[in-house]
Structure formats: C-alpha cells, structure tokens
$ cat query.txt   # compact mmCIF, C-alpha atoms and all ligand atoms
# COMPACT_ATOMS: atom_id res chain seq x y z
CA MET A 503 4.26 19.56 4.31
CA SER A 504 2.75 19.12 7.73
CA LEU A 505 4.15 16.48 10.06
CA PRO A 506 2.03 13.41 10.83
CA SER A 507 0.13 14.23 13.97
CA PHE A 508 0.47 12.12 17.15
CA GLU A 509 -0.82 12.79 20.65
CA ARG A 510 1.61 10.42 22.36
CA ILE A 511 4.89 8.80 21.28
CA TYR A 512 6.58 5.93 23.16
CA ILE A 513 10.16 4.84 22.53
CA ASP A 514 11.51 1.41 23.58
CA GLU A 515 14.79 1.36 25.43
CA ALA A 516 16.20 -0.85 22.64
CA SER A 517 15.17 1.78 20.05
CA GLU A 518 16.60 4.79 21.89
CA GLY A 519 19.90 4.75 20.00
CA SER A 520 18.27 4.51 16.57
CA ASP A 521 18.26 7.23 13.91
CA VAL A 522 14.46 7.20 13.97
CA ALA A 523 14.32 7.89 17.72
CA ALA A 524 16.74 10.80 17.32
CA ARG A 525 14.65 12.20 14.48
CA VAL A 526 11.38 11.83 16.40
CA ARG A 527 12.94 13.67 19.35
CA SER A 528 14.04 16.46 16.99
CA LEU A 529 10.64 16.77 15.29
CA TYR A 530 8.08 16.39 18.09
CA PRO A 531 7.66 18.23 21.40
CA ALA A 532 9.34 16.51 24.37
CA GLU A 533 6.07 16.63 26.39
CA ILE A 534 4.42 13.99 24.19
CA ILE A 535 7.41 11.59 24.13
CA SER A 536 7.94 8.95 26.85
CA VAL A 537 10.13 5.93 27.34
CA ALA A 538 8.08 2.74 26.79
CA THR A 539 7.97 0.62 29.92
CA SER A 540 7.23 -3.10 29.98
CA ASP A 541 4.13 -2.55 32.13
CA ASN A 542 2.52 -0.08 29.71
CA ASP A 543 -1.00 -1.41 29.35
CA LEU A 544 -1.69 0.25 25.99
CA LEU A 545 1.49 -1.05 24.36
CA ASN A 546 0.90 -4.57 25.68
CA ARG A 547 -2.74 -4.70 24.67
CA LYS A 548 -3.59 -7.09 21.83
CA GLY A 549 -6.78 -8.19 20.16
CA PRO A 550 -9.74 -6.72 18.30
CA MET A 551 -10.31 -3.00 18.79
CA SER A 552 -13.46 -0.96 19.22
CA ALA A 553 -13.95 1.94 16.79
CA GLU A 554 -12.67 4.37 19.43
CA GLU A 555 -9.62 2.20 20.18
CA PHE A 556 -8.85 1.96 16.47
CA ASN A 557 -9.04 5.76 16.13
CA ARG A 558 -6.75 6.17 19.13
CA SER A 559 -4.26 3.65 17.71
CA LYS A 560 -3.68 6.11 14.85
CA ARG A 561 -2.80 8.89 17.25
CA THR A 562 -0.30 6.92 19.36
CA LEU A 563 3.12 6.03 17.99
CA TRP A 564 5.46 3.36 19.36
CA LEU A 565 9.05 3.10 18.20
CA THR A 566 10.02 -0.50 18.81
CA THR A 567 11.98 -3.36 17.27
CA PHE A 568 10.45 -6.12 15.18
CA LYS A 569 11.22 -9.48 16.73
CA GLY A 570 10.30 -11.80 13.84
CA GLN A 571 11.26 -12.18 10.19
CA PHE A 572 10.74 -9.05 8.14
CA PHE A 573 10.55 -10.55 4.72
CA LYS A 574 7.16 -11.94 3.77
CA ARG A 575 5.12 -12.98 0.77
CA CYS A 576 2.13 -11.02 -0.52
CA PRO A 577 -1.06 -12.28 1.22
CA GLY A 578 -2.67 -13.04 -2.13
CA ALA A 579 0.13 -15.47 -2.93
CA THR A 580 -0.29 -17.47 0.27
CA GLN A 581 -4.01 -17.29 1.00
CA LYS A 582 -6.22 -18.67 -1.70
CA LYS A 583 -5.30 -20.50 -4.83
CA ALA A 584 -8.40 -18.96 -6.45
CA LEU A 585 -6.77 -15.53 -6.55
CA THR A 586 -4.45 -14.58 -9.35
CA CYS A 587 -1.62 -12.79 -7.64
CA CYS A 588 1.52 -11.13 -8.75
CA ASN A 589 4.19 -13.00 -6.78
CA TYR A 590 5.03 -9.97 -4.81
CA HIS A 591 7.04 -9.84 -1.56
CA VAL A 592 6.27 -7.59 1.36
CA LEU A 593 8.51 -5.93 3.89
CA ASN A 594 6.67 -4.42 6.85
CA LEU A 595 8.63 -1.68 8.61
CA GLY A 596 5.74 -0.72 10.85
CA SER A 597 1.99 -1.08 11.17
CA GLN A 598 -1.11 1.16 11.16
CA CYS A 599 -1.60 4.29 9.11
CA ASN A 600 -2.02 7.97 9.90
CA MET A 601 -4.60 8.39 7.12
CA ASN A 602 -8.18 7.21 7.30
CA CYS A 603 -9.89 5.43 4.40
CA SER A 604 -13.37 4.09 5.08
CA TYR A 605 -12.62 0.76 3.39
CA CYS A 606 -9.15 0.22 4.92
CA TYR A 607 -8.51 -3.46 5.55
CA LEU A 608 -6.39 -2.65 8.58
CA GLN A 609 -9.71 -2.23 10.44
CA SER A 610 -10.09 -6.00 10.50
CA TYR A 611 -6.42 -6.92 10.39
CA LEU A 612 -4.51 -5.15 13.12
CA ASN A 613 -4.55 -6.26 16.71
CA SER A 614 -1.96 -3.90 18.17
CA HIS A 615 -3.55 -0.82 19.77
CA VAL A 616 -0.90 1.66 18.61
CA THR A 617 0.91 2.71 15.43
CA LYS A 618 4.29 1.01 15.28
CA ILE A 619 7.50 1.95 13.53
CA PHE A 620 10.21 -0.71 13.67
CA THR A 621 13.57 0.85 14.32
CA ASN A 622 15.67 -2.20 13.36
CA ILE A 623 15.63 -1.63 9.60
CA ASP A 624 19.24 -2.81 9.53
CA GLN A 625 18.01 -6.31 10.37
CA ALA A 626 15.57 -6.10 7.45
CA LEU A 627 18.37 -5.08 5.11
CA ALA A 628 20.53 -7.94 6.44
CA GLU A 629 17.73 -10.40 5.61
CA LEU A 630 17.51 -8.96 2.11
CA LYS A 631 21.27 -9.19 1.69
CA GLU A 632 21.16 -12.84 2.68
CA MET A 633 18.49 -13.45 0.06
CA ALA A 634 20.55 -11.61 -2.54
CA GLU A 635 23.51 -13.85 -1.79
CA SER A 636 21.40 -17.01 -1.88
CA PHE A 637 19.55 -16.15 -5.10
CA PRO A 638 21.75 -13.67 -7.01
CA SER A 639 19.84 -13.83 -10.29
CA GLN A 640 16.32 -13.88 -8.86
CA PRO A 641 14.36 -10.75 -9.87
CA PHE A 642 12.62 -10.07 -6.56
CA ARG A 643 9.88 -7.47 -6.22
CA VAL A 644 9.60 -6.05 -2.73
CA GLY A 645 6.83 -3.75 -1.55
CA THR A 646 6.68 -1.89 1.74
CA GLY A 647 3.02 -0.82 1.78
CA GLU A 648 1.11 -3.79 3.17
CA VAL A 649 0.19 -2.83 6.75
CA ILE A 650 1.54 0.71 6.72
CA ASP A 651 1.57 3.31 3.95
CA SER A 652 5.05 3.24 2.37
CA LEU A 653 5.61 6.98 2.52
CA SER A 654 3.13 8.79 4.77
CA LEU A 655 5.44 8.46 7.81
CA ASP A 656 8.64 8.51 5.78
CA GLU A 657 9.63 12.04 6.73
CA ILE A 658 9.97 10.60 10.26
CA THR A 659 11.88 7.44 9.35
CA LEU A 660 13.61 8.41 6.08
CA TYR A 661 13.59 4.66 5.36
CA SER A 662 12.95 5.36 1.66
CA ARG A 663 16.49 6.72 1.39
CA LYS A 664 18.10 3.60 2.91
CA LEU A 665 15.96 1.27 0.83
CA ILE A 666 16.58 3.04 -2.49
CA GLU A 667 20.32 2.99 -1.83
CA PHE A 668 20.20 -0.66 -0.82
CA PHE A 669 18.27 -1.67 -3.93
CA ASN A 670 20.72 0.25 -6.10
CA GLN A 671 23.14 -2.60 -5.32
CA TYR A 672 20.73 -5.12 -6.90
CA PRO A 673 19.60 -3.62 -10.20
CA ASN A 674 17.53 -6.68 -11.17
CA TRP A 675 15.40 -6.30 -8.03
CA MET A 676 12.46 -3.95 -7.84
CA LEU A 677 11.49 -1.91 -4.79
CA GLU A 678 7.91 -0.65 -4.70
CA PHE A 679 6.57 2.12 -2.51
CA LYS A 680 2.80 2.34 -2.41
CA THR A 681 1.15 5.43 -1.01
CA LYS A 682 -1.82 7.75 -0.84
CA SER A 683 0.39 10.57 0.39
CA ALA A 684 2.38 13.10 -1.61
CA LYS A 685 5.48 12.77 0.62
CA VAL A 686 8.34 12.27 -1.78
CA ASP A 687 10.61 15.31 -1.30
CA GLN A 688 12.62 13.52 1.41
CA PHE A 689 14.17 11.08 -1.08
CA LEU A 690 14.19 12.92 -4.41
CA ASP A 691 17.89 13.75 -4.07
CA VAL A 692 18.80 10.05 -3.80
CA THR A 693 19.90 8.70 -7.15
CA THR A 694 18.04 5.60 -8.29
CA LYS A 695 19.31 2.93 -10.65
CA GLY A 696 15.77 2.86 -12.06
CA ASN A 697 14.64 -0.12 -9.96
CA THR A 698 12.47 1.77 -7.47
CA THR A 699 8.82 2.19 -8.40
CA VAL A 700 6.79 4.77 -6.54
CA SER A 701 3.13 3.97 -6.90
CA TRP A 702 -0.07 5.72 -5.92
CA SER A 703 -3.49 4.37 -5.20
CA ILE A 704 -5.73 6.86 -6.93
CA ASN A 705 -9.41 7.55 -7.21
CA PRO A 706 -11.53 10.38 -8.63
CA PRO A 707 -11.68 13.48 -6.38
CA ALA A 708 -15.30 12.72 -5.38
CA VAL A 709 -14.27 9.31 -4.00
CA ILE A 710 -11.20 10.74 -2.27
CA GLU A 711 -13.37 13.40 -0.67
CA SER A 712 -15.98 10.92 0.48
CA GLU A 713 -13.85 7.89 1.45
CA GLU A 714 -10.12 8.63 1.72
CA HIS A 715 -9.90 11.01 4.67
CA GLY A 716 -6.56 12.59 5.51
CA THR A 717 -4.93 11.44 2.27
CA ALA A 718 -3.31 13.67 -0.34
CA ARG A 719 -5.77 15.03 -2.90
CA LEU A 720 -5.61 13.60 -6.42
CA HIS A 721 -3.74 16.59 -7.88
CA GLU A 722 -1.16 16.34 -5.06
CA ARG A 723 -0.58 12.63 -5.69
CA LEU A 724 -0.21 13.22 -9.43
CA ALA A 725 2.16 16.14 -8.86
CA ALA A 726 4.29 13.92 -6.57
CA ALA A 727 4.33 11.27 -9.30
CA GLU A 728 5.53 13.84 -11.85
CA LYS A 729 8.38 14.84 -9.51
CA CYS A 730 9.44 11.20 -9.06
CA LEU A 731 9.34 10.59 -12.80
CA GLN A 732 11.56 13.61 -13.43
CA LYS A 733 14.13 12.17 -11.00
CA GLY A 734 14.30 8.81 -12.77
CA PHE A 735 12.00 6.78 -10.53
CA LYS A 736 9.55 4.40 -12.13
CA ILE A 737 5.95 5.29 -11.37
CA ALA A 738 2.77 3.23 -11.24
CA PHE A 739 -0.86 3.78 -10.35
CA HIS A 740 -3.38 1.55 -8.63
CA ILE A 741 -6.94 2.56 -9.47
CA ASP A 742 -7.94 0.53 -6.51
CA PRO A 743 -10.42 0.19 -4.98
CA MET A 744 -12.74 1.38 -7.72
CA ILE A 745 -15.87 2.38 -5.86
CA TRP A 746 -19.33 2.37 -7.33
CA HIS A 747 -21.24 5.64 -6.90
CA PRO A 748 -23.99 7.18 -9.03
CA GLU A 749 -21.56 9.20 -11.18
CA TRP A 750 -18.87 6.49 -11.36
CA LYS A 751 -18.69 6.40 -15.15
CA GLU A 752 -18.20 10.16 -15.50
CA ASN A 753 -15.75 10.35 -12.61
CA TYR A 754 -13.59 7.39 -13.67
CA THR A 755 -13.65 8.77 -17.24
CA SER A 756 -12.26 12.08 -15.94
CA LEU A 757 -9.61 10.18 -13.96
CA ALA A 758 -8.54 8.27 -17.08
CA GLU A 759 -8.38 11.54 -19.05
CA GLU A 760 -6.37 13.23 -16.30
CA LEU A 761 -3.82 10.40 -16.29
CA ASN A 762 -3.63 10.51 -20.05
CA LYS A 763 -3.14 14.27 -20.05
CA LYS A 764 -0.40 14.27 -17.41
CA PHE A 765 1.57 11.12 -18.28
CA ARG A 766 2.75 9.22 -21.31
CA ALA A 767 1.73 5.53 -21.22
CA GLU A 768 5.34 4.48 -21.73
CA ASP A 769 6.37 6.41 -18.58
CA VAL A 770 3.93 4.58 -16.32
CA HIS A 771 5.24 1.17 -15.35
CA ILE A 772 1.82 -0.33 -14.74
CA ILE A 773 -1.76 0.57 -13.91
CA SER A 774 -3.54 -1.94 -11.70
CA LEU A 775 -7.28 -2.07 -11.24
CA GLY A 776 -9.22 -3.46 -8.32
CA THR A 777 -12.76 -3.03 -7.07
CA LEU A 778 -13.94 -2.50 -3.50
CA ARG A 779 -13.45 -5.50 -1.20
CA PHE A 780 -13.20 -5.95 2.52
CA GLN A 781 -13.61 -8.54 5.26
CA PRO A 782 -17.20 -8.96 6.51
CA GLU A 783 -16.08 -8.55 10.13
CA GLN A 784 -14.97 -4.95 9.56
CA ARG A 785 -18.35 -3.77 8.32
CA HIS A 786 -19.60 -2.95 11.80
CA MET A 787 -16.49 -0.87 12.63
CA MET A 788 -16.66 0.93 9.28
CA ARG A 789 -20.27 1.92 9.94
CA GLU A 790 -19.45 3.05 13.45
CA ARG A 791 -16.48 5.11 12.26
CA PHE A 792 -17.87 6.57 9.03
CA GLY A 793 -21.66 6.30 9.36
CA MET A 794 -23.89 5.30 6.46
CA ASN A 795 -23.21 8.44 4.43
CA SER A 796 -20.45 6.69 2.53
CA TYR A 797 -20.31 4.88 -0.81
CA VAL A 798 -18.50 2.08 0.99
CA THR A 799 -20.52 1.45 4.13
CA SER A 800 -23.79 1.62 2.19
CA ALA A 801 -22.66 -0.57 -0.72
CA GLU A 802 -24.39 -3.82 -1.58
CA MET A 803 -21.70 -6.46 -1.24
CA PHE A 804 -21.57 -10.24 -1.60
CA LYS A 805 -19.28 -12.82 -0.07
CA GLY A 806 -16.80 -14.02 -2.67
CA GLU A 807 -13.27 -15.27 -3.14
CA GLY A 808 -11.05 -15.14 -0.07
CA ASP A 809 -14.27 -14.80 2.00
CA LYS A 810 -14.21 -11.06 1.32
CA LEU A 811 -17.23 -8.95 0.53
CA ARG A 812 -17.14 -7.71 -3.06
CA TYR A 813 -19.49 -6.25 -5.63
CA ASP A 814 -21.23 -8.95 -7.60
CA ALA A 815 -19.19 -10.44 -10.42
CA ALA A 816 -21.18 -8.72 -13.19
CA LEU A 817 -20.64 -5.25 -11.71
CA ARG A 818 -16.92 -5.93 -11.14
CA ALA A 819 -16.51 -7.03 -14.75
CA GLU A 820 -18.49 -3.98 -15.96
CA MET A 821 -16.28 -1.60 -13.97
CA PHE A 822 -13.05 -3.26 -15.14
CA GLN A 823 -14.14 -3.40 -18.77
CA PHE A 824 -15.26 0.23 -18.64
CA MET A 825 -11.94 1.42 -17.27
CA ILE A 826 -9.81 -0.78 -19.53
CA GLN A 827 -11.70 0.36 -22.61
CA LYS A 828 -11.50 4.00 -21.54
CA MET A 829 -7.75 3.87 -20.94
CA LYS A 830 -7.04 1.88 -24.09
CA SER A 831 -9.20 4.23 -26.20
CA LEU A 832 -7.08 7.13 -24.97
CA ASN A 833 -3.87 5.23 -25.61
CA PRO A 834 -3.62 1.49 -26.41
CA LYS A 835 -0.16 1.40 -24.84
CA TRP A 836 -1.34 1.68 -21.20
CA ASN A 837 -0.13 -1.39 -19.33
CA ILE A 838 -3.11 -2.47 -17.24
CA PHE A 839 -3.64 -5.43 -14.92
CA LEU A 840 -6.13 -6.60 -12.32
CA CYS A 841 -4.93 -7.20 -8.78
CA MET A 842 -6.40 -9.79 -6.38
CA GLU A 843 -8.88 -11.01 -8.96
CA THR A 844 -10.04 -14.42 -10.07
CA PRO A 845 -9.07 -15.98 -13.43
CA GLU A 846 -12.78 -15.73 -14.41
CA THR A 847 -12.76 -11.93 -14.01
CA TRP A 848 -9.48 -11.69 -15.95
CA ILE A 849 -11.05 -13.64 -18.78
CA GLN A 850 -14.24 -11.54 -18.69
CA SER A 851 -12.21 -8.33 -18.73
CA PHE A 852 -9.27 -9.18 -20.99
CA GLU A 853 -10.37 -12.48 -22.58
CA LYS A 854 -7.06 -13.87 -21.23
CA ILE A 855 -5.35 -14.79 -17.96
CA PRO A 856 -2.07 -12.96 -17.15
CA MET A 857 0.19 -15.85 -18.17
CA GLN A 858 -1.22 -15.49 -21.70
CA MET A 859 -0.28 -11.78 -21.81
CA PRO A 860 3.41 -11.37 -22.65
CA GLU A 861 3.64 -7.89 -21.08
CA LEU A 862 2.42 -9.24 -17.71
CA ARG A 863 3.87 -12.73 -17.61
CA SER A 864 6.94 -11.79 -15.58
CA PHE A 865 4.74 -10.38 -12.78
CA PHE A 866 3.05 -13.73 -12.28
CA LYS A 867 5.86 -16.22 -12.81
CA PRO A 868 6.24 -18.36 -9.67
CA LEU A 869 9.56 -18.02 -7.86
CA PRO A 870 9.94 -21.55 -6.44
CA GLN A 871 13.41 -21.07 -4.99
CA VAL A 872 12.28 -18.47 -2.45
CA ARG A 873 9.74 -20.65 -0.61
CA GLU A 874 11.91 -20.96 2.48
CA PHE A 875 11.46 -17.23 3.06
CA GLN A 876 7.69 -17.40 2.97
CA ASN A 877 5.56 -16.76 5.97
CA SER A 878 3.67 -19.82 7.13
S1 LIG B 901 -3.95 4.96 3.03
FE1 LIG B 901 -4.08 2.73 2.95
S2 LIG B 901 -3.41 2.01 4.95
FE2 LIG B 901 -3.90 4.19 5.13
S3 LIG B 901 -6.02 4.28 5.80
FE3 LIG B 901 -6.02 4.38 3.57
S4 LIG B 901 -6.25 2.26 2.90
FE4 LIG B 901 -5.64 2.20 5.06
$ encode --input "query.txt" --output "structure tokens"
Amino acid sequence: MSLPSFERIYIDEASEGSDVAARVRSLYPAEIISVATSDNDLLNRKGPMSAEEFNRSKRTLWLTTFKGQFFKRCPGATQKKALTCCNYHVLNLGSQCNMNCSYCYLQSYLNSHVTKIFTNIDQALAELKEMAESFPSQPFRVGTGEVIDSLSLDEITLYSRKLIEFFNQYPNWMLEFKTKSAKVDQFLDVTTKGNTTVSWSINPPAVIESEEHGTARLHERLAAAEKCLQKGFKIAFHIDPMIWHPEWKENYTSLAEELNKKFRAEDVHIISLGTLRFQPEQRHMMRERFGMNSYVTSAEMFKGEGDKLRYDAALRAEMFQFMIQKMKSLNPKWNIFLCMETPETWIQSFEKIPMQMPELRSFFKPLPQVREFQNS
C-alpha cells in the first residue's frame, strides 16, 4: 500500500504531542514537515477556492485540533424535510480527501484551503461517552465519512482502531466507515463486537476509471470487503452515485453479478442506491478540473430537491428500478435502500416508503432524545 502523498505537512503546536503527529513524523520526510505558525497565510485562508487552490488543498496536510463540537447529524436529516433520510450521525475527524472524484461534493462545500486531520480524537470520544451515559439504550449510528473518506488517511491516523475499540463498549451502537479506498489492513487485527460496518461506495470499473480518480479499483474494494467480512466486521455497499453513461445497463448488470458472485446477501448489511447529484455552484469547478470528457460534467441535470442538480425524476426511477430488479432477480434477499431520495422516488421504485418496510424501519426511526446534540 502506498502512503497518501502530500507535498507539505504543517503541525500545530497544540498537536505536536499527539500520536498522529508522531506517526506523521515517522512516515514522511522531515523536509516537508513544518510547525504551523499563526501567521501562515495558507492555513488561515478561508472561502471559496479556485480549481487550482482546490487541487493544492489535497496536497497540503494540516494536523490541528478541532475547536467545536465533533458530533453532528447527517446533513439530510437537518436540511430539507423533503428528503427521506436515515437518521444517521456524523463524526468528522478531518476534512478534504486525497482521492479525486469528478462529482465530489467537497468541491462546493469546503472553505479551508488545506486537508485537515484533527488530532484531538480523545475529545470526540469524550463527547460520545457523554452521549452514551445520557442515552444508554439509544441505538446510535455514527459515520465518519462525511467530509473526509473514513479510511483513505487511516494508515496515518489509525483512528479506526480507537473507534472500533470504543464502540466495542457499546454493542447496541453502530460505527460506520465509508470509503473508496482499500485501506483496511491497519485495523483487521482489532476484534470487533460486530457493531462496526465497513462500507464501500462502488461503481462499475468504467465509471471508476472515468470519474473516480485515485480511488481503489473495484476489485480492490471488493477484496478489502472480503477481508473485513472474514474478520467479523459487517460490510455494506453504496452503489452511489449511479452515473448514466451509454453502457450503464450492461455495466451495472455486471456490477450486480459481481456482488452476487462474491458475497452472500445475508452477509451484506445493506446496499444503498443513489444517483448522481451535486450543487449547481460546483459545476464550473468540475468542468475546469475534469474537462467535458466526463460522464458527470457533460450530464444533463435538473434542479431538484435540496436545490441540487439531479437527473430528471423519470431517469432516476428507471435507474433505481433497473438495479433493484437486477439485484432481486439474482437473490431476493438483498437488503436495498435509497439514500437522500424523496418519498415519491421511493414509491416509484419500491411502491412503499421506508417506514412501511419492516427491514428498513429502524434506519429511519426518529431519535427525538438526541436533538440537543444536533448541529444548528
Ligand atoms: S472518495 Fe469521496 S470524498 Fe474523496 S474525492 Fe471521492 S467523493 Fe470526494
């Protein structure tokens, strides 16, 4: 496995004594590491980035401490009532990503000009402990892959190890890593109580090749999933974003067959489906960064729920129905759901909304007692 590549690494004075700082100093050449000073223009810079600044933000790493509250709600749960979301909680232990997908929403979301890793994970764990004490029977689901890939920088932080061990104390909680990397070897020796799900966003090889630059190839992601399964971790797949291209039916059929060949439906916790969506304001940056020779930058998109650009509703429903029928024809036991979709699309695709589907109801049940921990 090759190390994530950075041209420059800055370390805050407050982060110097952390395990992550020690590990970074042991893994990367001293010439590219500097102490972060308060007058560093790049680290202080905030606001929208040009395409070149965004590219550079992926090559510059800043080890710092997070000053706010770590524990947040999934954006879908707080943004728009129109979206049917899965009551999911997010824990951000850094921001930016060392991979490079053409559709990545971070292109319109981030305003820091560097990749950050927060070194005060102990504070995050203390917040979680407080929640555990306040709501001992609440079955929280916590994901770490909102504004940073859960695992692509994990060989630097080794945070997966701490989190798995922490969650082992709360067997009715679920920890979810979400990744497009194949970096799992660093935690496979940690015993899980079965409440850590490692999940992969997957796409057919043609889409990975065209749109998901610097990510693990499909066969590498599936091989990593097999390793996790063998070690007792739950696994899940997000076929998301499904991307229209001329051969989409053949390619998504092959993907469904590959999943069916490699995994038993009962071993895969869930398969979520989503279609391409992004904020209109990132279209310009996407075109500047990836040109028009991309299924994403050249797609015909329409403004829809959450003000995002999406395929039109009929195409979304066609893609969902196609994939659901394909998976179910291979094995009716596959547990499939739609993420960040409207009730209308659920009904078109499944003829039901999630609360009417016993196997999915627990994912969507509101958790009213945890409101005080929500982000505003
Ligand atoms: S792996 Fe995820 S976070 Fe990273 S570039 Fe791709 S979409 Fe963005």
$ residues_near_ligand --input "query.txt" --ligand "ligand LIG 901 (chain B)" --cutoff "8 Å" --atoms "all atoms listed in the file" --output "NGL selection string"
:A and (598-608 or 647-651 or 681-683 or 714-715 or 717)
$ closest_atom_pairs --input "query.txt" --of "region 598-709 of chain A" --to "region 550-554 of chain A" --cutoff "8 Å" --atoms "all atoms listed in the file" --output "JSON lines"
{"residue": "A:Ser610", "atom": "CA", "partner": "A:Pro550", "partner_atom": "CA", "distance": 7.8}
{"residue": "A:Leu612", "atom": "CA", "partner": "A:Pro550", "partner_atom": "CA", "distance": 7.5}
{"residue": "A:Asn613", "atom": "CA", "partner": "A:Pro550", "partner_atom": "CA", "distance": 5.4}
{"residue": "A:His615", "atom": "CA", "partner": "A:Met551", "partner_atom": "CA", "distance": 7.2}
$ residues_around --input "query.txt" --residues "Lys805 (chain A)" --least-positions-apart "2" --cutoff "10 Å" --atoms "all atoms listed in the file" --output "VMD selection string"
chain A and resid 779 to 782 803 807 to 814
$ atom_distance --input "query.txt" --atom1 "CA of Met821 (chain A)" --atom2 "CA of Ala718 (chain A)"
24.2 Å
$ atom_distance --input "query.txt" --atom1 "CA of Phe689 (chain A)" --atom2 "CA of Ile666 (chain A)"
8.5 Å
$ closest_residue --input "query.txt" --among "A:Asn594, A:Asn697, A:Asn674, A:Ser636" --to "Ser652 (chain A)" --atoms "all atoms listed in the file"
A:Asn594
$ residues_around --input "query.txt" --residues "region 618-620 of chain A" --least-positions-apart "5" --cutoff "6 Å" --atoms "all atoms listed in the file" --output "ChimeraX atom specification"
/A:563-568,595-597
$ atom_distance --input "query.txt" --atom1 "CA of Lys733 (chain A)" --atom2 "CA of Ile826 (chain A)"
28.5 Å
$ closest_residue --input "query.txt" --among "A:Leu677, A:Val798, A:Leu505, A:Ala708" --to "Thr777 (chain A)" --atoms "all atoms listed in the file"
A:Val798
$ closest_atom_pairs --input "query.txt" --of "region 652-718 of chain A" --to "region 519-535 of chain A" --cutoff "12 Å" --atoms "all atoms listed in the file" --output "Markdown table"
| residue | atom | partner | partner_atom | distance |
| --- | --- | --- | --- | --- |
| A:Leu655 | CA | A:Val526 | CA | 11.0 |
| A:Asp656 | CA | A:Val522 | CA | 10.1 |
| A:Glu657 | CA | A:Arg525 | CA | 9.2 |
| A:Ile658 | CA | A:Val526 | CA | 6.4 |
| A:Thr659 | CA | A:Val522 | CA | 5.3 |
| A:Leu660 | CA | A:Val522 | CA | 8.0 |
| A:Tyr661 | CA | A:Val522 | CA | 9.0 |
| A:Lys664 | CA | A:Asp521 | CA | 11.6 |
$ residues_near_point --input "query.txt" --point "(-6.6, 1.4, 22.0)" --cutoff "7 Å" --atoms "all atoms listed in the file" --output "PDB file with C-alpha atoms, in the frame of the given file"
ATOM      1  CA  LEU A 544      -1.690   0.250  25.990  1.00  0.00           C
ATOM      2  CA  MET A 551     -10.310  -3.000  18.790  1.00  0.00           C
ATOM      3  CA  GLU A 555      -9.620   2.200  20.180  1.00  0.00           C
ATOM      4  CA  PHE A 556      -8.850   1.960  16.470  1.00  0.00           C
ATOM      5  CA  ARG A 558      -6.750   6.170  19.130  1.00  0.00           C
ATOM      6  CA  SER A 559      -4.260   3.650  17.710  1.00  0.00           C
ATOM      7  CA  HIS A 615      -3.550  -0.820  19.770  1.00  0.00           C
ATOM      8  CA  VAL A 616      -0.900   1.660  18.610  1.00  0.00           C
TER       9      VAL A 616
END
$ closest_residue --input "query.txt" --among "A:Lys548, A:Lys835, A:Arg785, A:Lys685" --to "Ala727 (chain A)" --atoms "only C-alpha atoms"
A:Lys685
$ residues_around --input "query.txt" --residues "Val700 (chain A)" --least-positions-apart "3" --cutoff "8 Å" --atoms "only C-alpha atoms" --output "ChimeraX atom specification"
/A:678-681,727,730,735-738
$ axis_aligned_box --input "query.txt" --around "region 556-574 of chain A" --padding-each-side "3 Å" --output "AutoDock Vina command-line options"
--center_x 1.5 --center_y -1.6 --center_z 11.6 --size_x 27.0 --size_y 27.1 --size_z 21.6
$ closest_residue --input "query.txt" --among "A:Ser614, A:Thr699, A:Gln688, A:Ser756" --to "Arg547 (chain A)" --atoms "only C-alpha atoms"
A:Ser614
$ residues_near_point --input "query.txt" --point "(-11.3, 11.1, -14.1)" --cutoff "10 Å" --atoms "all atoms listed in the file" --output "list in words"
Asn705, Pro706, Pro707, Ala708, Leu720, Trp750, Lys751, Glu752, Asn753, Tyr754, Thr755, Ser756, Leu757, Ala758, Glu759, Glu760, Leu761 and Asn762 of chain A
$ closest_residue --input "query.txt" --among "A:His740, A:His786, A:Lys763, A:His747" --to "Ile838 (chain A)" --atoms "only C-alpha atoms"
A:His740
$ closest_residue --input "query.txt" --among "A:Ile741, A:Leu775, A:Ala634, A:Ala801" --to "Pro673 (chain A)" --atoms "all atoms listed in the file"
A:Ala634
